[in-house]
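First up is the structure itself, then whatever we jot down about it.
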Amino acid sequence: MLVKTEFGQAFRKLRLLRGMTQEDFSLVSSRTYISLLERGLKNPTVDKVAQIANPLALHPLTILAIAYTEDADFERALLLLDKVRKELEMLPSKNN
């Protein structure tokens with residue numbers, strides 16, 4: 001899996017589901033950058049992921065979870081997030 005390609009697919013899918021155009025992200029990035037991102041030709045920074053999540057009204061981890069699945073599959077993203085939750089639960093807490 002090429003994460004930058006999968007990220008672009010996930011972002012595009014979410015953008016279209018929200019009924020948004022690439023131009024709707026003009027306060028975040030240029031349309032050219034968004035296009036390159038969606039085609040997997042750019043690799044976003046953590047800051048950029050947070051910036052593009054904002055207009056989508058999504059948490060950045062939502063986009064990343066979907067990006068770490070094949071074909072931007074929402075059900076697989078839920079399974080992945082469940083795995084992450086279990087891993088977090090195994091980490092020592094501050095109170096211990």
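Labeling convention for the structure tokens: chains A, B, ... as they appear, residues from 1 per chain, ligands from 1 in order of appearance.
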request  = Please return as a ChimeraX atom specification: the residues of chain A that backbone DSSP assigns to alpha helix (DSSP H).
outcome  = /A:3-17,31-38,46-56,60-67,74-90
request  = Skip A:Phe74 itself and residues of its chain fewer than 2 positions away, then list as a PyMOL selection string all residues within 12 Å of it, counting only C-alpha atoms.
outcome  = chain A and resi 10+13-14+62-72+76-81
message = Could you list, as an NGL selection string, every residue within 8 Å of A:Ser35, counting only C-alpha atoms and ignoring same-chain residues fewer than 4 positions away?
response = :A and (22 or 31 or 39)
If you keep N, CA, C and O atoms, can you produce a file of those selected residues as a short mmCIF file (atom, residue, chain, number, x, y, z; two decimals), in the first residue's frame?
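So the final result, stored in again13.cif, reads:
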data_model
loop_
_atom_site.label_atom_id
_atom_site.label_comp_id
_atom_site.auth_asym_id
_atom_site.auth_seq_id
_atom_site.Cartn_x
_atom_site.Cartn_y
_atom_site.Cartn_z
N GLN A 22 -12.61 21.13 -5.12
CA GLN A 22 -11.23 21.44 -4.76
C GLN A 22 -11.08 22.91 -4.41
O GLN A 22 -10.29 23.26 -3.54
N ARG A 31 -5.74 24.95 -5.52
CA ARG A 31 -6.44 23.86 -6.19
C ARG A 31 -5.43 22.90 -6.80
O ARG A 31 -5.63 21.69 -6.80
N ARG A 39 -4.20 12.88 -6.37
CA ARG A 39 -3.61 11.93 -7.33
C ARG A 39 -2.42 11.20 -6.75
O ARG A 39 -1.80 10.38 -7.43
#
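Coordinates place atom CA of A:Val84 at a distance of 10.9 Å from atom CA of A:Leu61.
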remark   = What separates atom CA of A:Ile34 and atom CA of A:Lys4 is a distance of 12.6 Å
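Residue neighbourhood of A:Leu37, excluding near-sequence residues (fewer than 4 positions): Lys4, Thr5, Phe7, Gly8, Gln9, Phe11, Arg12, Thr32, Tyr33, Leu41, Lys42, Asn43 and Pro44 of chain A, at 9 Å, using only C-alpha atoms.
Put simply, atom CA of A:Pro60 is 24.4 Å away from atom CA of A:Lys94.
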